[in-house]
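Student: Have a peek at start-v2.pdb (PDB, C-alpha atoms).
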MODEL        1
ATOM      1  CA  MET A  83     -93.736 -78.368  23.646
ATOM      2  CA  VAL A  84     -96.177 -80.693  25.405
ATOM      3  CA  ARG A  85     -94.688 -84.113  26.178
ATOM      4  CA  MET A  86     -96.407 -87.460  26.661
ATOM      5  CA  ARG A  87     -95.503 -90.992  27.695
ATOM      6  CA  ALA A  88     -95.618 -93.701  25.062
ATOM      7  CA  VAL A  89     -94.702 -97.372  24.843
ATOM      8  CA  VAL A  90     -92.227 -97.925  22.013
ATOM      9  CA  ILE A  91     -90.714-100.973  20.331
ATOM     10  CA  SER A  92     -86.996-100.417  20.948
ATOM     11  CA  GLN A  93     -86.022-103.344  18.691
ATOM     12  CA  PHE A  94     -87.776-106.401  17.351
ATOM     13  CA  GLY A  95     -88.152-109.281  19.765
ATOM     14  CA  GLY A  96     -89.989-110.452  22.873
ATOM     15  CA  PRO A  97     -92.134-108.421  25.273
ATOM     16  CA  ASP A  98     -89.096-106.919  27.012
ATOM     17  CA  VAL A  99     -88.308-104.782  23.951
ATOM     18  CA  LEU A 100     -91.260-102.570  24.925
ATOM     19  CA  HIS A 101     -90.187 -99.463  26.847
ATOM     20  CA  VAL A 102     -91.923 -96.318  28.112
ATOM     21  CA  VAL A 103     -90.358 -93.125  26.760
ATOM     22  CA  GLU A 104     -91.320 -89.464  26.466
ATOM     23  CA  ARG A 105     -92.318 -88.093  23.096
ATOM     24  CA  PRO A 106     -93.748 -84.791  21.857
ATOM     25  CA  GLN A 107     -97.533 -84.856  21.912
ATOM     26  CA  PRO A 108     -98.892 -84.973  18.337
ATOM     27  CA  GLN A 109    -100.613 -81.939  16.857
ATOM     28  CA  ALA A 110    -103.885 -81.861  14.956
ATOM     29  CA  GLU A 111    -103.876 -80.751  11.338
ATOM     30  CA  ARG A 112    -106.916 -80.066   9.181
ATOM     31  CA  GLY A 113    -109.607 -82.708   9.684
ATOM     32  CA  GLU A 114    -107.775 -84.280  12.619
ATOM     33  CA  VAL A 115    -108.391 -84.665  16.335
ATOM     34  CA  VAL A 116    -105.945 -85.131  19.212
ATOM     35  CA  VAL A 117    -107.251 -87.630  21.759
ATOM     36  CA  ALA A 118    -105.997 -87.794  25.348
ATOM     37  CA  VAL A 119    -105.901 -91.587  25.586
ATOM     38  CA  ARG A 120    -107.373 -93.067  28.764
ATOM     39  CA  ALA A 121    -107.216 -96.723  27.761
ATOM     40  CA  ALA A 122    -105.962 -98.901  24.916
ATOM     41  CA  ALA A 123    -106.465-102.574  24.076
ATOM     42  CA  LEU A 124    -104.078-105.204  22.789
ATOM     43  CA  ASN A 125    -104.399-107.037  19.486
ATOM     44  CA  ARG A 126    -102.520-109.899  17.849
ATOM     45  CA  ALA A 127    -101.267-107.363  15.311
ATOM     46  CA  ASP A 128     -99.364-105.638  18.138
ATOM     47  CA  LEU A 129     -97.532-108.870  18.944
ATOM     48  CA  LEU A 130     -96.589-109.346  15.301
ATOM     49  CA  GLN A 131     -95.447-105.737  14.974
ATOM     50  CA  ARG A 132     -93.247-106.142  18.061
ATOM     51  CA  ARG A 133     -91.595-109.167  16.436
ATOM     52  CA  GLY A 134     -90.981-107.283  13.185
ATOM     53  CA  LEU A 135     -93.566-109.286  11.237
ATOM     54  CA  TYR A 136     -96.277-106.644  10.706
ATOM     55  CA  PRO A 137     -95.011-103.107  10.031
ATOM     56  CA  ALA A 138     -97.270-100.206  10.937
ATOM     57  CA  PRO A 139     -98.972 -98.309   8.090
ATOM     58  CA  PRO A 140     -97.032 -95.236   6.903
ATOM     59  CA  ASP A 141     -99.495 -92.736   8.381
ATOM     60  CA  VAL A 142     -98.946 -93.724  12.054
ATOM     61  CA  PRO A 143     -95.898 -93.886  14.377
ATOM     62  CA  ALA A 144     -93.651 -96.737  13.265
ATOM     63  CA  ASP A 145     -92.596 -97.780  16.759
ATOM     64  CA  ILE A 146     -95.674 -97.124  18.947
ATOM     65  CA  PRO A 147     -98.097-100.080  18.732
ATOM     66  CA  GLY A 148    -101.784-100.053  19.565
ATOM     67  CA  MET A 149    -104.944 -99.855  17.469
ATOM     68  CA  ASP A 150    -107.870 -99.669  19.943
ATOM     69  CA  PHE A 151    -108.264 -96.583  22.118
ATOM     70  CA  ALA A 152    -110.679 -94.573  24.217
ATOM     71  CA  GLY A 153    -110.247 -91.127  25.719
ATOM     72  CA  ASP A 154    -111.171 -87.462  25.573
ATOM     73  CA  VAL A 155    -110.841 -84.976  22.737
ATOM     74  CA  ALA A 156    -107.901 -82.728  23.679
ATOM     75  CA  ALA A 157    -107.640 -80.592  20.516
ATOM     76  CA  VAL A 158    -109.263 -80.286  17.101
ATOM     77  CA  GLY A 159    -107.801 -79.197  13.796
ATOM     78  CA  SER A 160    -109.344 -76.788  11.330
ATOM     79  CA  GLY A 161    -112.453 -78.007   9.569
ATOM     80  CA  VAL A 162    -113.518 -80.313  12.410
ATOM     81  CA  THR A 163    -117.140 -79.681  13.347
ATOM     82  CA  ASP A 164    -118.363 -82.977  14.819
ATOM     83  CA  TRP A 165    -116.139 -82.979  17.917
ATOM     84  CA  ALA A 166    -115.349 -80.577  20.736
ATOM     85  CA  ILE A 167    -112.714 -80.565  23.446
ATOM     86  CA  GLY A 168    -113.807 -82.865  26.275
ATOM     87  CA  ASP A 169    -115.919 -85.224  24.177
ATOM     88  CA  ARG A 170    -115.550 -88.889  25.203
ATOM     89  CA  VAL A 171    -114.546 -90.850  22.111
ATOM     90  CA  PHE A 172    -113.245 -94.233  21.020
ATOM     91  CA  GLY A 173    -112.009 -95.647  17.767
ATOM     92  CA  LEU A 174    -109.464 -97.566  15.755
ATOM     93  CA  VAL A 175    -106.112 -96.423  14.358
ATOM     94  CA  GLY A 176    -103.324 -98.136  12.452
ATOM     95  CA  GLY A 177    -100.996 -97.689  15.414
ATOM     96  CA  GLY A 178     -99.915 -95.286  18.139
ATOM     97  CA  ALA A 179    -102.526 -96.082  20.817
ATOM     98  CA  TYR A 180    -100.035 -97.218  23.505
ATOM     99  CA  ALA A 181     -99.569 -93.598  24.514
ATOM    100  CA  GLU A 182    -101.088 -90.794  26.529
ATOM    101  CA  ALA A 183    -102.196 -89.042  23.327
ATOM    102  CA  LEU A 184    -102.696 -89.755  19.628
ATOM    103  CA  VAL A 185    -103.885 -87.907  16.546
ATOM    104  CA  THR A 186    -106.372 -89.317  14.072
ATOM    105  CA  SER A 187    -108.961 -88.386  11.464
ATOM    106  CA  ASP A 188    -112.164 -86.917  12.854
ATOM    107  CA  ARG A 189    -114.002 -89.646  10.896
ATOM    108  CA  ALA A 190    -112.176 -92.419  12.764
ATOM    109  CA  LEU A 191    -114.010 -91.672  16.020
ATOM    110  CA  ALA A 192    -117.299 -92.619  17.639
ATOM    111  CA  PRO A 193    -118.909 -91.255  20.820
ATOM    112  CA  ILE A 194    -118.535 -93.467  23.882
ATOM    113  CA  PRO A 195    -122.025 -94.475  25.029
ATOM    114  CA  THR A 196    -123.080 -93.336  28.472
ATOM    115  CA  GLY A 197    -122.282 -95.978  31.051
ATOM    116  CA  LEU A 198    -119.242 -97.446  29.311
ATOM    117  CA  SER A 199    -115.918 -97.022  31.066
ATOM    118  CA  TYR A 200    -112.845 -96.012  29.083
ATOM    119  CA  VAL A 201    -111.455 -99.539  29.399
ATOM    120  CA  GLU A 202    -114.699-101.110  28.150
ATOM    121  CA  ALA A 203    -114.802 -98.638  25.274
ATOM    122  CA  ALA A 204    -111.169 -99.286  24.309
ATOM    123  CA  ALA A 205    -111.866-103.023  24.184
ATOM    124  CA  ALA A 206    -114.643-102.624  21.627
ATOM    125  CA  PRO A 207    -113.522-101.099  18.301
ATOM    126  CA  GLU A 208    -111.149-103.643  16.713
ATOM    127  CA  ALA A 209    -113.096-106.662  17.917
ATOM    128  CA  PHE A 210    -116.528-105.428  16.893
ATOM    129  CA  ILE A 211    -115.424-103.688  13.693
ATOM    130  CA  THR A 212    -113.588-106.808  12.532
ATOM    131  CA  ALA A 213    -116.451-109.124  13.461
ATOM    132  CA  TYR A 214    -119.186-106.956  11.934
ATOM    133  CA  ASP A 215    -117.259-106.199   8.765
ATOM    134  CA  ALA A 216    -116.280-109.831   8.114
ATOM    135  CA  MET A 217    -119.391-111.624   9.295
ATOM    136  CA  VAL A 218    -122.209-109.222   8.412
ATOM    137  CA  THR A 219    -120.899-106.851   5.728
ATOM    138  CA  GLN A 220    -118.812-109.360   3.740
ATOM    139  CA  ALA A 221    -120.342-112.765   4.543
ATOM    140  CA  GLU A 222    -123.850-111.256   4.683
ATOM    141  CA  LEU A 223    -124.973-113.253   7.712
ATOM    142  CA  ARG A 224    -128.719-112.909   8.127
ATOM    143  CA  ALA A 225    -131.418-113.857  10.626
ATOM    144  CA  GLY A 226    -132.240-117.543  10.557
ATOM    145  CA  GLU A 227    -128.818-118.563   9.242
ATOM    146  CA  SER A 228    -126.109-120.372  11.181
ATOM    147  CA  VAL A 229    -122.528-119.283  11.785
ATOM    148  CA  LEU A 230    -119.454-121.106  13.073
ATOM    149  CA  ILE A 231    -116.957-118.921  14.943
ATOM    150  CA  SER A 232    -113.490-120.262  15.665
ATOM    151  CA  ALA A 233    -111.474-119.074  18.699
ATOM    152  CA  VAL A 234    -114.762-118.033  20.216
ATOM    153  CA  GLY A 235    -113.078-116.879  23.431
ATOM    154  CA  SER A 236    -110.887-114.301  21.669
ATOM    155  CA  GLY A 237    -111.668-110.607  21.505
ATOM    156  CA  VAL A 238    -113.118-110.870  17.997
ATOM    157  CA  GLY A 239    -114.760-114.187  18.874
ATOM    158  CA  THR A 240    -116.633-112.798  21.885
ATOM    159  CA  ALA A 241    -117.771-109.837  19.800
ATOM    160  CA  ALA A 242    -118.868-112.062  16.925
ATOM    161  CA  VAL A 243    -120.991-114.313  19.145
ATOM    162  CA  GLN A 244    -122.928-111.330  20.436
ATOM    163  CA  LEU A 245    -123.346-109.727  17.010
ATOM    164  CA  ALA A 246    -124.546-113.008  15.515
ATOM    165  CA  ARG A 247    -127.078-113.343  18.313
ATOM    166  CA  ALA A 248    -128.224-109.743  17.695
ATOM    167  CA  VAL A 249    -128.639-110.515  13.976
ATOM    168  CA  GLY A 250    -130.786-113.518  14.846
ATOM    169  CA  ALA A 251    -128.419-116.262  13.724
ATOM    170  CA  HIS A 252    -127.772-119.666  15.297
ATOM    171  CA  VAL A 253    -124.255-119.557  16.738
ATOM    172  CA  LEU A 254    -121.749-122.396  16.902
ATOM    173  CA  GLY A 255    -118.244-121.903  18.233
ATOM    174  CA  THR A 256    -114.951-123.676  18.781
ATOM    175  CA  ALA A 257    -112.268-123.160  21.416
ATOM    176  CA  ARG A 258    -109.363-125.113  22.885
ATOM    177  CA  THR A 259    -110.914-125.403  26.342
ATOM    178  CA  ALA A 260    -114.346-126.196  27.734
ATOM    179  CA  ASP A 261    -114.047-123.254  30.132
ATOM    180  CA  LYS A 262    -113.933-120.712  27.314
ATOM    181  CA  LEU A 263    -116.917-122.359  25.659
ATOM    182  CA  THR A 264    -118.895-122.264  28.901
ATOM    183  CA  ARG A 265    -118.202-118.560  29.258
ATOM    184  CA  ALA A 266    -119.146-117.954  25.621
ATOM    185  CA  ARG A 267    -122.542-119.578  26.192
ATOM    186  CA  ALA A 268    -123.425-116.655  28.445
ATOM    187  CA  LEU A 269    -122.850-114.354  25.444
ATOM    188  CA  GLY A 270    -125.224-116.247  23.138
ATOM    189  CA  LEU A 271    -123.301-119.302  21.953
ATOM    190  CA  ASN A 272    -125.769-122.078  21.102
ATOM    191  CA  ASP A 273    -123.481-125.020  20.303
ATOM    192  CA  ALA A 274    -120.025-125.366  21.863
ATOM    193  CA  ILE A 275    -117.299-127.535  20.312
ATOM    194  CA  VAL A 276    -113.857-128.241  21.771
ATOM    195  CA  ALA A 277    -111.309-128.164  18.925
ATOM    196  CA  ASN A 278    -107.881-129.118  20.175
ATOM    197  CA  ASP A 279    -106.849-130.984  17.024
ATOM    198  CA  ALA A 280    -108.504-128.896  14.282
ATOM    199  CA  ARG A 281    -111.146-131.590  13.868
ATOM    200  CA  PHE A 282    -114.664-130.324  14.421
ATOM    201  CA  ALA A 283    -116.658-130.850  11.196
ATOM    202  CA  GLN A 284    -118.373-133.987  12.469
ATOM    203  CA  ALA A 285    -119.585-132.163  15.588
ATOM    204  CA  VAL A 286    -120.773-129.204  13.512
ATOM    205  CA  LYS A 287    -122.707-131.465  11.151
ATOM    206  CA  ALA A 288    -124.300-133.248  14.110
ATOM    207  CA  ALA A 289    -125.327-129.946  15.702
ATOM    208  CA  THR A 290    -126.927-128.755  12.452
ATOM    209  CA  GLY A 291    -128.749-131.970  11.620
ATOM    210  CA  GLY A 292    -126.294-132.763   8.846
ATOM    211  CA  ARG A 293    -126.874-129.519   6.934
ATOM    212  CA  GLY A 294    -123.781-127.593   7.950
ATOM    213  CA  VAL A 295    -123.422-123.876   8.573
ATOM    214  CA  ASP A 296    -124.086-120.937   6.291
ATOM    215  CA  VAL A 297    -121.109-118.856   7.413
ATOM    216  CA  VAL A 298    -117.727-119.539   9.009
ATOM    217  CA  LEU A 299    -115.785-116.745  10.691
ATOM    218  CA  GLU A 300    -112.280-118.204  10.669
ATOM    219  CA  LEU A 301    -110.010-116.586  13.265
ATOM    220  CA  VAL A 302    -107.365-119.333  13.486
ATOM    221  CA  GLY A 303    -106.401-120.226   9.917
ATOM    222  CA  GLY A 304    -104.049-123.065   9.011
ATOM    223  CA  ASP A 305    -105.637-126.521   9.045
ATOM    224  CA  TYR A 306    -108.908-125.060  10.315
ATOM    225  CA  VAL A 307    -109.775-123.826   6.798
ATOM    226  CA  ALA A 308    -110.040-127.323   5.293
ATOM    227  CA  GLU A 309    -112.208-128.378   8.216
ATOM    228  CA  ASP A 310    -114.348-125.243   7.726
ATOM    229  CA  LEU A 311    -115.075-126.315   4.172
ATOM    230  CA  ALA A 312    -116.355-129.662   5.437
ATOM    231  CA  CYS A 313    -118.692-127.763   7.775
ATOM    232  CA  LEU A 314    -120.394-125.687   5.093
ATOM    233  CA  SER A 315    -123.931-125.955   3.813
ATOM    234  CA  PRO A 316    -124.536-125.426   0.072
ATOM    235  CA  LYS A 317    -123.558-121.869  -0.978
ATOM    236  CA  GLY A 318    -121.832-121.358   2.375
ATOM    237  CA  ARG A 319    -119.321-118.578   2.943
ATOM    238  CA  ILE A 320    -115.985-118.688   4.774
ATOM    239  CA  VAL A 321    -114.202-115.478   5.768
ATOM    240  CA  VAL A 322    -110.621-115.956   6.939
ATOM    241  CA  VAL A 323    -109.533-113.259   9.386
ATOM    242  CA  GLY A 324    -106.751-114.757  11.520
ATOM    243  CA  LEU A 325    -103.676-116.886  10.915
ATOM    244  CA  LEU A 326    -102.762-117.961  14.434
ATOM    245  CA  ALA A 327    -102.419-121.596  13.282
ATOM    246  CA  GLY A 328    -100.474-120.677  10.167
ATOM    247  CA  ALA A 329    -100.784-119.081   6.737
ATOM    248  CA  LYS A 330    -100.872-122.311   4.735
ATOM    249  CA  ALA A 331    -103.903-124.521   4.114
ATOM    250  CA  SER A 332    -104.690-127.488   1.872
ATOM    251  CA  ILE A 333    -108.318-127.684   0.784
ATOM    252  CA  ASP A 334    -110.367-130.101  -1.311
ATOM    253  CA  LEU A 335    -111.369-128.183  -4.419
ATOM    254  CA  GLY A 336    -113.941-130.847  -5.221
ATOM    255  CA  VAL A 337    -115.770-129.997  -2.013
ATOM    256  CA  LEU A 338    -115.445-126.288  -2.821
ATOM    257  CA  LEU A 339    -117.112-126.821  -6.192
ATOM    258  CA  HIS A 340    -119.766-129.218  -4.942
ATOM    259  CA  ARG A 341    -120.796-126.854  -2.150
ATOM    260  CA  ARG A 342    -120.607-123.828  -4.485
ATOM    261  CA  ALA A 343    -118.790-122.226  -1.585
ATOM    262  CA  VAL A 344    -117.084-118.871  -1.231
ATOM    263  CA  VAL A 345    -113.763-118.551   0.604
ATOM    264  CA  ARG A 346    -112.460-115.043   1.072
ATOM    265  CA  GLY A 347    -109.770-113.364   3.121
ATOM    266  CA  THR A 348    -109.904-110.008   4.811
ATOM    267  CA  VAL A 349    -107.636-107.580   6.637
ATOM    268  CA  LEU A 350    -108.452-104.277   8.282
ATOM    269  CA  ARG A 351    -105.232-102.544   9.287
ATOM    270  CA  ALA A 352    -103.664-102.680   5.808
ATOM    271  CA  ARG A 353    -106.692-101.286   3.950
ATOM    272  CA  PRO A 354    -106.640 -97.866   2.282
ATOM    273  CA  LEU A 355    -107.676 -95.099   4.669
ATOM    274  CA  GLU A 356    -111.090 -94.496   3.120
ATOM    275  CA  GLU A 357    -111.999 -98.186   3.423
ATOM    276  CA  LYS A 358    -110.957 -98.237   7.080
ATOM    277  CA  LEU A 359    -112.968 -95.109   7.770
ATOM    278  CA  ALA A 360    -116.000 -96.689   6.094
ATOM    279  CA  ALA A 361    -115.686 -99.683   8.427
ATOM    280  CA  VAL A 362    -115.489 -97.354  11.435
ATOM    281  CA  GLN A 363    -118.570 -95.463  10.277
ATOM    282  CA  ALA A 364    -120.475 -98.746   9.871
ATOM    283  CA  PHE A 365    -119.439 -99.573  13.449
ATOM    284  CA  ARG A 366    -120.770 -96.200  14.581
ATOM    285  CA  ARG A 367    -124.116 -96.703  12.804
ATOM    286  CA  HIS A 368    -124.798-100.348  13.525
ATOM    287  CA  VAL A 369    -122.800-101.453  16.562
ATOM    288  CA  VAL A 370    -122.480 -98.447  18.868
ATOM    289  CA  PRO A 371    -126.281 -98.388  19.405
ATOM    290  CA  LEU A 372    -126.071-102.054  20.483
ATOM    291  CA  LEU A 373    -123.299-101.166  22.939
ATOM    292  CA  ALA A 374    -125.355 -98.251  24.224
ATOM    293  CA  SER A 375    -128.406-100.440  24.801
ATOM    294  CA  GLY A 376    -126.409-103.212  26.460
ATOM    295  CA  ARG A 377    -127.369-105.814  23.839
ATOM    296  CA  VAL A 378    -123.657-106.376  23.235
ATOM    297  CA  LYS A 379    -120.658-105.580  25.412
ATOM    298  CA  ALA A 380    -116.899-105.581  25.195
ATOM    299  CA  ILE A 381    -115.411-108.430  27.214
ATOM    300  CA  VAL A 382    -112.340-107.368  29.189
ATOM    301  CA  ASP A 383    -110.087-110.105  30.513
ATOM    302  CA  ARG A 384    -107.370-108.117  32.326
ATOM    303  CA  VAL A 385    -106.191-104.521  32.625
ATOM    304  CA  PHE A 386    -102.531-103.515  32.991
ATOM    305  CA  PRO A 387    -101.023-100.055  33.594
ATOM    306  CA  LEU A 388     -99.382 -98.538  30.506
ATOM    307  CA  ALA A 389     -95.924 -99.111  31.996
ATOM    308  CA  GLN A 390     -96.674-102.836  32.264
ATOM    309  CA  ALA A 391     -97.193-103.314  28.532
ATOM    310  CA  PRO A 392     -94.549-106.104  28.462
ATOM    311  CA  ALA A 393     -96.541-108.078  31.057
ATOM    312  CA  ALA A 394     -99.736-107.487  29.065
ATOM    313  CA  HIS A 395     -98.077-108.860  25.921
ATOM    314  CA  ARG A 396     -96.835-111.916  27.778
ATOM    315  CA  TRP A 397    -100.332-112.608  29.103
ATOM    316  CA  LEU A 398    -101.926-112.314  25.654
ATOM    317  CA  GLU A 399     -99.287-114.636  24.172
ATOM    318  CA  GLU A 400    -100.165-117.335  26.687
ATOM    319  CA  ASN A 401    -103.562-117.684  24.946
ATOM    320  CA  ASN A 402    -105.424-118.059  28.232
ATOM    321  CA  SER A 403    -107.307-114.774  28.030
ATOM    322  CA  PHE A 404    -111.054-114.574  27.408
ATOM    323  CA  GLY A 405    -111.955-111.398  25.569
ATOM    324  CA  LYS A 406    -109.622-108.410  25.395
ATOM    325  CA  VAL A 407    -106.508-107.429  27.327
ATOM    326  CA  ALA A 408    -106.320-103.684  27.991
ATOM    327  CA  LEU A 409    -103.900-100.966  29.109
ATOM    328  CA  ASP A 410    -104.837 -98.164  31.492
ATOM    329  CA  CYS A 411    -103.071 -95.183  29.931
ATOM    330  CA  ALA A 412    -104.229 -92.672  32.533
ATOM    331  CA  VAL A 413    -102.502 -94.181  35.592
ATOM    332  CA  ASP A 414    -100.117 -91.663  37.151
ATOM    333  CA  ARG A 415    -101.062 -89.079  34.542
TER     334      ARG A 415
ENDMDL
END
Could you show the structure in this file as C-alpha cells?
Tutor:
Amino acid sequence: MVRMRAVVISQFGGPDVLHVVERPQPQAERGEVVVAVRAAALNRADLLQRRGLYPAPPDVPADIPGMDFAGDVAAVGSGVTDWAIGDRVFGLVGGGAYAEALVTSDRALAPIPTGLSYVEAAAAPEAFITAYDAMVTQAELRAGESVLISAVGSGVGTAAVQLARAVGAHVLGTARTADKLTRARALGLNDAIVANDARFAQAVKAATGGRGVDVVLELVGGDYVAEDLACLSPKGRIVVVGLLAGAKASIDLGVLLHRRAVVRGTVLRARPLEEKLAAVQAFRRHVVPLLASGRVKAIVDRVFPLAQAPAAHRWLEENNSFGKVALDCAVDR
C-alpha cells in the first residue's frame, strides 16, 4: 500500500494541534482522479476547522484540512477521459489538501496555465472562485458599475480587485492599514479607504460623488454590513462572504427599503457537490484564461513547507498577510 504524508488535526485547538502523519494514499474510483499535491493554500475555513467550528463535508477526510491545491495527476479512475497521468492540475476540494496526495472528482479540476508555478496555482482556486461567484455570478457586477471590496488585502480581496478591473468596474476597497491599500492599488484598486473602526460610508460616498456603489463584496461581516448598506446606490447589492468581525449585524430596514437593496449571503464549501462543481467549471471557463494571459494573478504572501503548517496557521491568524499563505507539499518528497 502506497503511503503519503498528511497534516492532521489531532484535536481541536491552536496551531500546535496540527501534526504530520503517514496515511494510505487515496485510490481513485469511477469518475475520480488522484492528484500528487505539490502545493496547497490556507483559508480561514482551515483555521475554523482546526478549532472545531467548521466541520469538513462528509465526502472528504475529517481531520486533514486544506481546500486549495495544485499538482500532477497520479492516477485516474474508470470513466475519466479528460485527464491523463502527468497532467498539471489545480482545483478546490472540501478538505484533504494538506497532504502529498488527494482524490477528487474529475470535474473539480482545471489545467494549470503554462508559466504558473504550483504555488501560484494553489493560491488561485478558492480566492478567485469565491470572488467570481459572489461578485459576478450572484451580484451581477457589470462594466461601468462600482464595487466596494472589504478586506481588500486578503486572498479573496486581492482576487476580487483584479476580477472587478477585468470586468470594467470602478473598484473601491477597505483595509485596516494603508500599506495593504497601497499594494492593492497596483492590482487595480481605484479608491482606497482605511477602515479601522468599521466606519467608511462617508468616504465611499465622497469617492462616488454621493451616489454610492452598485455592489459590495463583504468579506468581514459584523458591523461592516450596516455600513455597507449606507454605501449603496439605489438597487445596490451586498453579498456577505466572510464573518471575521462576527456573525451578528444590526441594519436599518428603512434604508434597505428606500434603497431597494438586496442583501444576500453565500458559502462555497457547504454547498451540494453539483453546485460546487458548477462554480469550479465557471472558474475554468472565465477565470483560468485570465490567469493564463496574465490579466489576473494569484498573490502569494508566504510559503511554508508542509511540516510547518502550524507556523503557517499562526502567520495567517496574525492578519498581516497580503494575499494567500501557501504550503509546499513537495519538499523532501
Student: When you count all atoms listed in the file, which of these residues is closest to Ala280 (chain A): A:Thr186, A:Asn402, A:Ser232, A:Ser199?
Tutor: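 For Ala280 (chain A), the nearest of the given residues is A:Ser232.
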Student: Using all atoms listed in the file, which protein or nucleic acid residues come within 9 Å of region 363-378 of chain A? Drop anything in the same chain fewer than 4 positions from it, and give the result as a list in words.
Tutor: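 Contacts, with the query itself left out: Arg189, Ala190, Leu191, Ala192, Pro193, Ile194, Pro195, Thr196, Gly197, Leu198, Ala206, Pro207, Phe210, Ile211, Tyr214, Asp215, Ala241, Gln244, Leu245, Ala248, Leu269, Lys358 and Leu359 of chain A.
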Student: So, counting only C-alpha atoms, which residue among A:Arg396, A:Arg351, A:Arg133, A:Arg120 is closest to Thr212 (chain A)?
Tutor: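 Checking each of A:Arg396, A:Arg351, A:Arg133, A:Arg120 against Thr212 (chain A), counting only C-alpha atoms, the winner is A:Arg351.
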Student: Using all atoms listed in the file, which residue out of A:Pro387, A:Gly255, A:Gly250, A:Gly237 lies closest to Ala122 (chain A)?
Tutor: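 Going through A:Pro387, A:Gly255, A:Gly250, A:Gly237 one by one, the smallest distance to Ala122 (chain A) is for A:Pro387.
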Student: Need the shell around region 380-386 of chain A: protein/DNA/RNA residues with any atom at most 9 Å away, counting all atoms listed in the file. Skip same-chain ones fewer than 2 positions apart. Format as JSON, numbers by chain?
Tutor: {"A": [123, 201, 202, 203, 204, 205, 206, 207, 209, 210, 237, 240, 241, 373, 378, 388, 389, 390, 391, 393, 394, 397, 403, 404, 405, 406, 407, 408, 409, 410, 411]}
Student: List, as number ranges by chain, every residue that the PyMOL selection byres ((chain A and resi 151) around 6) selects in the file provided.
Tutor: A: 121-122, 150, 152, 172-173, 179, 204
